[in-house]
$ cat protein-v3.tsv   # TSV, C-alpha atoms
chain	number	residue	atom	x	y	z
A	1	MET	CA	43.24	263.68	78.73
A	2	GLU	CA	46.87	263.36	77.68
A	3	LYS	CA	49.04	266.48	77.97
A	4	PHE	CA	50.18	267.55	74.54
A	5	GLU	CA	52.87	270.01	75.62
A	6	THR	CA	55.55	267.43	76.36
A	7	THR	CA	54.55	264.72	73.92
A	8	LYS	CA	55.57	264.18	70.33
A	9	TYR	CA	53.03	262.67	67.97
A	10	ASP	CA	53.38	261.09	64.58
A	11	VAL	CA	49.89	262.03	63.38
A	12	ALA	CA	47.37	264.74	64.27
A	13	LEU	CA	43.73	264.16	63.32
A	14	THR	CA	40.77	266.49	63.06
A	15	ALA	CA	37.64	266.71	60.95
A	16	GLN	CA	34.67	269.00	60.54
A	17	ASP	CA	31.40	267.42	61.64
A	18	SER	CA	30.38	266.78	58.01
A	19	LYS	CA	33.60	264.76	57.48
A	20	LYS	CA	33.87	262.80	60.72
A	21	TRP	CA	32.45	259.61	59.17
A	22	GLU	CA	35.02	259.84	56.36
A	23	LEU	CA	37.71	260.05	59.03
A	24	VAL	CA	36.22	257.01	60.78
A	25	THR	CA	36.47	255.05	57.52
A	26	LEU	CA	40.05	256.21	57.01
A	27	VAL	CA	41.13	255.37	60.57
A	28	GLU	CA	39.49	251.94	60.33
A	29	GLN	CA	41.30	251.31	57.04
A	30	PHE	CA	44.67	252.13	58.63
A	31	ARG	CA	43.82	250.97	62.15
A	32	GLN	CA	46.65	248.46	62.48
A	33	GLY	CA	49.30	250.90	61.26
A	34	LEU	CA	48.01	253.83	63.30
A	35	ALA	CA	48.00	251.66	66.41
A	36	GLN	CA	51.81	251.45	66.03
A	37	HIS	CA	52.18	255.25	66.11
A	38	SER	CA	51.36	258.06	68.50
A	39	VAL	CA	48.25	259.91	67.39
A	40	VAL	CA	46.56	263.02	68.74
A	41	ALA	CA	43.11	264.35	67.86
A	42	THR	CA	41.07	267.43	68.58
A	43	LEU	CA	38.67	266.78	71.45
A	44	GLU	CA	35.43	266.33	69.50
A	45	THR	CA	37.09	264.28	66.77
A	46	GLY	CA	38.94	262.10	69.26
A	47	LEU	CA	35.81	261.42	71.30
A	48	PHE	CA	33.89	260.63	68.10
A	49	LEU	CA	36.54	258.12	67.05
A	50	LEU	CA	36.51	256.56	70.51
A	51	ALA	CA	32.71	256.25	70.51
A	52	THR	CA	32.44	254.86	66.97
A	53	ILE	CA	35.43	252.54	66.63
A	54	GLY	CA	36.91	252.34	70.12
A	55	MET	CA	40.29	253.86	69.27
A	56	ASN	CA	41.68	256.14	71.95
A	57	PHE	CA	44.09	258.91	71.00
A	58	GLY	CA	45.73	261.80	72.79
A	59	LEU	CA	43.17	264.61	73.06
A	60	LEU	CA	43.56	268.35	72.68
A	61	LEU	CA	41.62	271.10	74.40
A	62	PRO	CA	38.28	272.29	73.01
A	63	GLY	CA	37.34	275.84	72.17
A	64	VAL	CA	39.03	278.91	70.79
A	65	ASP	CA	42.51	278.16	72.14
A	66	GLY	CA	42.34	274.42	71.54
A	67	GLY	CA	42.26	272.18	68.49
A	68	TYR	CA	43.71	273.80	65.40
A	69	LYS	CA	45.86	276.25	67.35
A	70	GLN	CA	47.36	273.46	69.46
A	71	ILE	CA	48.15	271.38	66.39
A	72	ALA	CA	49.73	274.44	64.77
A	73	GLU	CA	51.86	274.95	67.88
A	74	MET	CA	52.96	271.31	67.83
A	75	VAL	CA	53.85	271.60	64.13
A	76	ARG	CA	56.00	274.67	64.78
A	77	GLU	CA	57.72	272.88	67.68
A	78	GLU	CA	58.29	269.76	65.53
A	79	LYS	CA	56.08	267.69	67.83
A	80	VAL	CA	53.88	266.34	65.04
A	81	ARG	CA	54.92	264.80	61.73
A	82	LEU	CA	51.69	264.60	59.74
A	83	VAL	CA	48.36	266.46	59.89
A	84	ILE	CA	45.05	265.14	58.62
A	85	PHE	CA	42.28	267.74	58.67
A	86	LEU	CA	39.24	266.61	56.72
A	87	HIS	CA	36.92	269.46	55.85
A	88	GLY	CA	34.29	270.43	53.36
A	89	PRO	CA	34.07	273.36	50.98
A	90	ASP	CA	32.36	275.36	53.74
A	91	LEU	CA	35.62	275.71	55.69
A	92	ASN	CA	35.86	279.16	57.23
A	93	LEU	CA	39.19	280.50	56.00
A	94	LYS	CA	38.71	283.55	58.21
A	95	ASP	CA	39.01	281.32	61.28
A	96	HIS	CA	42.37	282.28	62.79
A	97	GLY	CA	42.98	278.77	64.10
A	98	VAL	CA	42.50	277.23	60.65
A	99	MET	CA	44.82	279.73	59.00
A	100	GLU	CA	47.40	279.33	61.75
A	101	LEU	CA	47.37	275.56	61.18
A	102	LEU	CA	47.73	275.92	57.41
A	103	ARG	CA	50.58	278.42	57.76
A	104	ALA	CA	52.41	276.24	60.29
A	105	CYS	CA	52.25	273.17	58.02
A	106	ILE	CA	53.42	275.18	55.03
A	107	SER	CA	56.29	276.90	56.86
A	108	GLN	CA	57.46	273.68	58.56
A	109	ASN	CA	56.97	271.55	55.42
A	110	ILE	CA	54.65	269.14	57.23
A	111	PRO	CA	52.47	266.81	55.14
A	112	PHE	CA	48.89	268.08	55.35
A	113	ALA	CA	45.88	266.16	54.04
A	114	ASN	CA	42.60	268.02	53.74
A	115	ASN	CA	40.54	265.32	52.03
A	116	ALA	CA	40.17	261.56	52.40
A	117	THR	CA	41.94	260.68	49.13
A	118	THR	CA	45.04	262.70	50.01
A	119	ALA	CA	44.99	261.38	53.57
A	120	GLU	CA	44.80	257.79	52.31
A	121	PHE	CA	47.77	258.33	50.00
A	122	ILE	CA	49.89	260.03	52.66
A	123	LEU	CA	49.02	257.50	55.37
A	124	GLN	CA	49.79	254.59	53.07
A	125	ARG	CA	53.23	256.01	52.30
A	126	PHE	CA	53.84	257.06	55.89
A	127	LEU	CA	52.96	253.65	57.27
A	128	GLU	CA	55.07	251.88	54.66
A	129	LYS	CA	58.03	253.65	56.28
A	130	GLU	CA	59.18	255.24	53.03
A	131	MET	CA	58.17	258.65	54.25
A	132	ALA	CA	58.82	257.94	57.92
A	133	THR	CA	62.44	256.93	57.39
A	134	TYR	CA	63.57	260.06	55.60
A	135	TRP	CA	61.17	262.70	56.78
A	136	ARG	CA	63.42	265.39	58.22
A	137	CYS	CA	66.37	262.96	58.07
A	138	PRO	CA	68.47	264.11	55.09
A	139	GLU	CA	71.41	261.97	56.20
A	140	ILE	CA	69.37	258.91	55.23
A	141	ARG	CA	68.60	260.38	51.81
A	142	PRO	CA	71.90	261.86	50.56
A	143	ASP	CA	70.21	263.02	47.34
A	144	ARG	CA	68.18	265.55	49.40
A	145	GLU	CA	69.68	268.67	50.91
A	146	ALA	CA	68.81	269.72	54.42
A	147	VAL	CA	66.78	272.91	54.51
A	148	GLU	CA	66.80	275.25	57.46
A	149	VAL	CA	63.31	276.37	58.41

$ encode --input "protein-v3.tsv" --output "structure tokens"
Amino acid sequence: MEKFETTKYDVALTAQDSKKWELVTLVEQFRQGLAQHSVVATLETGLFLLATIGMNFGLLLPGVDGGYKQIAEMVREEKVRLVIFLHGPDLNLKDHGVMELLRACISQNIPFANNATTAEFILQRFLEKEMATYWRCPEIRPDREAVEV
């Protein structure tokens, strides 16, 4: 298992069990582009992707202190640039890890996709380099002001 503490990732992936096959479809669709970037996944999601389509990503710890909380920490430390968290309407918003992840993405202005359609749109733009070239790089886009977070 890859250590996440010292590594920066372009994309973080996770999905509830009911949405793991949607994530498989999405990852297969963008397989070539994702292979050019560093990707991390929660343990169960990463192992599912490895078993179903043979793609190996950095893996996070399981359990209460793993997964969502680790992604949230990486977002706050600017160690991840994009979060894809596919979930259904049964998402437990009282789960502290889920809320911590949502808050981190909002406060750090990190793109966050919570369904396959949004994830497809964001990944397409990200992999086209339009988003990747000016994300957090206001000097490349002089029409955008830098914002302190």

$ closest_residue --input "protein-v3.tsv" --among "A:Leu93, A:Met74, A:Ala41, A:Pro111" --to "Pro62 (chain A)" --atoms "only C-alpha atoms"
A:Ala41

$ closest_atom_pairs --input "protein-v3.tsv" --of "region 101-134 of chain A" --to "region 23-38 of chain A" --cutoff "12 Å" --atoms "all atoms listed in the file" --output "CSV"
residue,atom,partner,partner_atom,distance
A:Ala113,CA,A:Leu23,CA,11.4
A:Asn114,CA,A:Leu23,CA,10.7
A:Asn115,CA,A:Leu23,CA,9.2
A:Ala116,CA,A:Leu26,CA,7.1
A:Thr117,CA,A:Leu26,CA,9.3
A:Thr118,CA,A:Leu26,CA,10.8
A:Ala119,CA,A:Leu26,CA,7.9
A:Glu120,CA,A:Leu26,CA,6.9
A:Phe121,CA,A:Leu26,CA,10.6
A:Ile122,CA,A:Phe30,CA,11.2
A:Leu123,CA,A:Phe30,CA,7.6
A:Gln124,CA,A:Phe30,CA,7.9
A:Arg125,CA,A:Gly33,CA,11.0
A:Phe126,CA,A:Gly33,CA,9.3
A:Leu127,CA,A:Gly33,CA,6.1
A:Glu128,CA,A:Gly33,CA,8.8
A:Lys129,CA,A:Gly33,CA,10.4
A:Ala132,CA,A:His37,CA,10.9

$ write_last_selection --input "protein-v3.tsv" --atoms "C-alpha atoms" --output "PDB file, in the coordinates of the input"
ATOM      1  CA  ALA A 113      45.880 266.160  54.040  1.00  0.00           C
ATOM      2  CA  ASN A 114      42.600 268.020  53.740  1.00  0.00           C
ATOM      3  CA  ASN A 115      40.540 265.320  52.030  1.00  0.00           C
ATOM      4  CA  ALA A 116      40.170 261.560  52.400  1.00  0.00           C
ATOM      5  CA  THR A 117      41.940 260.680  49.130  1.00  0.00           C
ATOM      6  CA  THR A 118      45.040 262.700  50.010  1.00  0.00           C
ATOM      7  CA  ALA A 119      44.990 261.380  53.570  1.00  0.00           C
ATOM      8  CA  GLU A 120      44.800 257.790  52.310  1.00  0.00           C
ATOM      9  CA  PHE A 121      47.770 258.330  50.000  1.00  0.00           C
ATOM     10  CA  ILE A 122      49.890 260.030  52.660  1.00  0.00           C
ATOM     11  CA  LEU A 123      49.020 257.500  55.370  1.00  0.00           C
ATOM     12  CA  GLN A 124      49.790 254.590  53.070  1.00  0.00           C
ATOM     13  CA  ARG A 125      53.230 256.010  52.300  1.00  0.00           C
ATOM     14  CA  PHE A 126      53.840 257.060  55.890  1.00  0.00           C
ATOM     15  CA  LEU A 127      52.960 253.650  57.270  1.00  0.00           C
ATOM     16  CA  GLU A 128      55.070 251.880  54.660  1.00  0.00           C
ATOM     17  CA  LYS A 129      58.030 253.650  56.280  1.00  0.00           C
ATOM     18  CA  ALA A 132      58.820 257.940  57.920  1.00  0.00           C
TER      19      ALA A 132
END

$ atom_distance --input "protein-v3.tsv" --atom1 "CA of Gly67 (chain A)" --atom2 "CA of Gly54 (chain A)"
20.6 Å

$ residues_around --input "protein-v3.tsv" --residues "Val11 (chain A)" --least-positions-apart "3" --cutoff "7 Å" --atoms "all atoms listed in the file" --output "PDB file with C-alpha atoms, in the frame of the given file"
ATOM      1  CA  SER A  38      51.360 258.060  68.500  1.00  0.00           C
ATOM      2  CA  VAL A  39      48.250 259.910  67.390  1.00  0.00           C
ATOM      3  CA  VAL A  40      46.560 263.020  68.740  1.00  0.00           C
ATOM      4  CA  VAL A  80      53.880 266.340  65.040  1.00  0.00           C
ATOM      5  CA  ARG A  81      54.920 264.800  61.730  1.00  0.00           C
ATOM      6  CA  LEU A  82      51.690 264.600  59.740  1.00  0.00           C
ATOM      7  CA  VAL A  83      48.360 266.460  59.890  1.00  0.00           C
TER       8      VAL A  83
END

$ atom_distance --input "protein-v3.tsv" --atom1 "CA of Met99 (chain A)" --atom2 "CA of Glu44 (chain A)"
19.4 Å

$ closest_residue --input "protein-v3.tsv" --among "A:Tyr68, A:Trp21, A:Tyr9, A:Phe57" --to "Arg103 (chain A)" --atoms "only C-alpha atoms"
A:Tyr68

$ atom_distance --input "protein-v3.tsv" --atom1 "CA of Asn92 (chain A)" --atom2 "CA of Thr7 (chain A)"
28.9 Å

$ residues_around --input "protein-v3.tsv" --residues "Ala72 (chain A)" --least-positions-apart "5" --cutoff "7 Å" --atoms "all atoms listed in the file" --output "MDAnalysis selection string"
chainID A and resid 100:101 104

$ closest_residue --input "protein-v3.tsv" --among "A:Leu61, A:Cys105, A:Val75, A:Ala15" --to "Phe48 (chain A)" --atoms "all atoms listed in the file"
A:Ala15

$ decode --input "protein-v3.tsv" --residues "region 53-95 of chain A" --atoms "N, CA and C atoms" --output "mmCIF file, in the first residue's frame"
data_model
loop_
_atom_site.group_PDB
_atom_site.id
_atom_site.type_symbol
_atom_site.label_atom_id
_atom_site.label_comp_id
_atom_site.auth_asym_id
_atom_site.auth_seq_id
_atom_site.Cartn_x
_atom_site.Cartn_y
_atom_site.Cartn_z
ATOM 1 N N ILE A 53 -10.927 -4.293 -13.258
ATOM 2 C CA ILE A 53 -10.333 -3.806 -14.507
ATOM 3 C C ILE A 53 -8.808 -3.772 -14.489
ATOM 4 N N GLY A 54 -8.213 -4.230 -13.401
ATOM 5 C CA GLY A 54 -6.765 -4.364 -13.347
ATOM 6 C C GLY A 54 -5.992 -3.072 -13.194
ATOM 7 N N MET A 55 -6.665 -1.985 -12.826
ATOM 8 C CA MET A 55 -5.938 -0.727 -12.606
ATOM 9 C C MET A 55 -5.570 -0.623 -11.129
ATOM 10 N N ASN A 56 -4.318 -0.310 -10.890
ATOM 11 C CA ASN A 56 -3.792 -0.227 -9.540
ATOM 12 C C ASN A 56 -3.541 1.236 -9.184
ATOM 13 N N PHE A 57 -4.127 1.679 -8.087
ATOM 14 C CA PHE A 57 -3.978 3.058 -7.630
ATOM 15 C C PHE A 57 -3.387 3.064 -6.230
ATOM 16 N N GLY A 58 -2.943 4.237 -5.793
ATOM 17 C CA GLY A 58 -2.554 4.384 -4.403
ATOM 18 C C GLY A 58 -3.762 4.056 -3.539
ATOM 19 N N LEU A 59 -3.546 3.426 -2.397
ATOM 20 C CA LEU A 59 -4.655 3.009 -1.539
ATOM 21 C C LEU A 59 -4.586 3.691 -0.184
ATOM 22 N N LEU A 60 -5.744 4.016 0.337
ATOM 23 C CA LEU A 60 -5.848 4.640 1.651
ATOM 24 C C LEU A 60 -6.233 3.594 2.684
ATOM 25 N N LEU A 61 -6.146 3.970 3.936
ATOM 26 C CA LEU A 61 -6.476 3.052 5.017
ATOM 27 C C LEU A 61 -7.982 2.802 5.095
ATOM 28 N N PRO A 62 -8.380 1.637 5.575
ATOM 29 C CA PRO A 62 -9.802 1.364 5.787
ATOM 30 C C PRO A 62 -10.240 1.873 7.155
ATOM 31 N N GLY A 63 -11.527 1.831 7.389
ATOM 32 C CA GLY A 63 -12.051 2.080 8.724
ATOM 33 C C GLY A 63 -12.332 3.533 9.031
ATOM 34 N N VAL A 64 -12.606 3.762 10.304
ATOM 35 C CA VAL A 64 -13.067 5.062 10.783
ATOM 36 C C VAL A 64 -12.086 6.189 10.459
ATOM 37 N N ASP A 65 -10.810 5.957 10.615
ATOM 38 C CA ASP A 65 -9.825 7.014 10.380
ATOM 39 C C ASP A 65 -9.262 6.999 8.968
ATOM 40 N N GLY A 66 -9.744 6.133 8.133
ATOM 41 C CA GLY A 66 -9.253 6.049 6.766
ATOM 42 C C GLY A 66 -10.188 6.733 5.790
ATOM 43 N N GLY A 67 -10.028 6.387 4.517
ATOM 44 C CA GLY A 67 -10.945 6.800 3.470
ATOM 45 C C GLY A 67 -11.258 8.275 3.378
ATOM 46 N N TYR A 68 -12.495 8.611 3.675
ATOM 47 C CA TYR A 68 -12.971 9.990 3.511
ATOM 48 C C TYR A 68 -12.129 10.978 4.299
ATOM 49 N N LYS A 69 -11.783 10.619 5.532
ATOM 50 C CA LYS A 69 -10.991 11.527 6.370
ATOM 51 C C LYS A 69 -9.603 11.757 5.780
ATOM 52 N N GLN A 70 -9.001 10.721 5.226
ATOM 53 C CA GLN A 70 -7.683 10.876 4.614
ATOM 54 C C GLN A 70 -7.769 11.754 3.365
ATOM 55 N N ILE A 71 -8.795 11.557 2.564
ATOM 56 C CA ILE A 71 -8.953 12.403 1.376
ATOM 57 C C ILE A 71 -9.156 13.847 1.812
ATOM 58 N N ALA A 72 -9.979 14.057 2.826
ATOM 59 C CA ALA A 72 -10.208 15.413 3.338
ATOM 60 C C ALA A 72 -8.896 16.047 3.788
ATOM 61 N N GLU A 73 -8.070 15.275 4.475
ATOM 62 C CA GLU A 73 -6.773 15.785 4.924
ATOM 63 C C GLU A 73 -5.899 16.159 3.730
ATOM 64 N N MET A 74 -5.882 15.317 2.713
ATOM 65 C CA MET A 74 -5.082 15.604 1.524
ATOM 66 C C MET A 74 -5.598 16.850 0.807
ATOM 67 N N VAL A 75 -6.906 17.031 0.776
ATOM 68 C CA VAL A 75 -7.484 18.232 0.160
ATOM 69 C C VAL A 75 -7.012 19.468 0.906
ATOM 70 N N ARG A 76 -7.114 19.443 2.221
ATOM 71 C CA ARG A 76 -6.690 20.598 3.032
ATOM 72 C C ARG A 76 -5.207 20.893 2.856
ATOM 73 N N GLU A 77 -4.403 19.870 2.648
ATOM 74 C CA GLU A 77 -2.952 20.044 2.485
ATOM 75 C C GLU A 77 -2.560 20.248 1.025
ATOM 76 N N GLU A 78 -3.543 20.421 0.157
ATOM 77 C CA GLU A 78 -3.328 20.620 -1.281
ATOM 78 C C GLU A 78 -2.534 19.467 -1.888
ATOM 79 N N LYS A 79 -2.850 18.252 -1.471
ATOM 80 C CA LYS A 79 -2.208 17.055 -2.004
ATOM 81 C C LYS A 79 -3.112 16.283 -2.950
ATOM 82 N N VAL A 80 -4.283 16.829 -3.238
ATOM 83 C CA VAL A 80 -5.182 16.223 -4.213
ATOM 84 C C VAL A 80 -5.892 17.350 -4.945
ATOM 85 N N ARG A 81 -6.108 17.158 -6.256
ATOM 86 C CA ARG A 81 -6.655 18.236 -7.085
ATOM 87 C C ARG A 81 -8.101 18.035 -7.492
ATOM 88 N N LEU A 82 -8.612 16.825 -7.361
ATOM 89 C CA LEU A 82 -9.952 16.510 -7.837
ATOM 90 C C LEU A 82 -10.465 15.311 -7.046
ATOM 91 N N VAL A 83 -11.716 15.375 -6.584
ATOM 92 C CA VAL A 83 -12.307 14.284 -5.814
ATOM 93 C C VAL A 83 -13.537 13.770 -6.540
ATOM 94 N N ILE A 84 -13.583 12.452 -6.728
ATOM 95 C CA ILE A 84 -14.768 11.799 -7.272
ATOM 96 C C ILE A 84 -15.270 10.837 -6.206
ATOM 97 N N PHE A 85 -16.471 11.105 -5.715
ATOM 98 C CA PHE A 85 -17.096 10.298 -4.668
ATOM 99 C C PHE A 85 -18.510 9.969 -5.133
ATOM 100 N N LEU A 86 -18.660 8.822 -5.764
ATOM 101 C CA LEU A 86 -19.972 8.426 -6.257
ATOM 102 C C LEU A 86 -20.775 7.804 -5.121
ATOM 103 N N HIS A 87 -21.968 8.336 -4.927
ATOM 104 C CA HIS A 87 -22.821 7.821 -3.854
ATOM 105 C C HIS A 87 -24.279 7.913 -4.264
ATOM 106 N N GLY A 88 -25.093 7.188 -3.543
ATOM 107 C CA GLY A 88 -26.520 7.187 -3.799
ATOM 108 C C GLY A 88 -27.250 8.133 -2.861
ATOM 109 N N PRO A 89 -28.561 8.170 -2.989
ATOM 110 C CA PRO A 89 -29.353 9.063 -2.132
ATOM 111 C C PRO A 89 -29.358 8.620 -0.666
ATOM 112 N N ASP A 90 -28.853 7.422 -0.397
ATOM 113 C CA ASP A 90 -28.819 6.910 0.972
ATOM 114 C C ASP A 90 -27.559 7.336 1.728
ATOM 115 N N LEU A 91 -26.802 8.262 1.183
ATOM 116 C CA LEU A 91 -25.574 8.730 1.837
ATOM 117 C C LEU A 91 -25.888 9.244 3.233
ATOM 118 N N ASN A 92 -25.118 8.791 4.199
ATOM 119 C CA ASN A 92 -25.310 9.208 5.585
ATOM 120 C C ASN A 92 -24.590 10.533 5.824
ATOM 121 N N LEU A 93 -25.353 11.612 5.799
ATOM 122 C CA LEU A 93 -24.752 12.939 6.001
ATOM 123 C C LEU A 93 -24.356 13.181 7.452
ATOM 124 N N LYS A 94 -24.689 12.265 8.335
ATOM 125 C CA LYS A 94 -24.256 12.379 9.725
ATOM 126 C C LYS A 94 -22.895 11.727 9.939
ATOM 127 N N ASP A 95 -22.388 11.050 8.923
ATOM 128 C CA ASP A 95 -21.063 10.448 8.974
ATOM 129 C C ASP A 95 -20.037 11.581 8.983
#
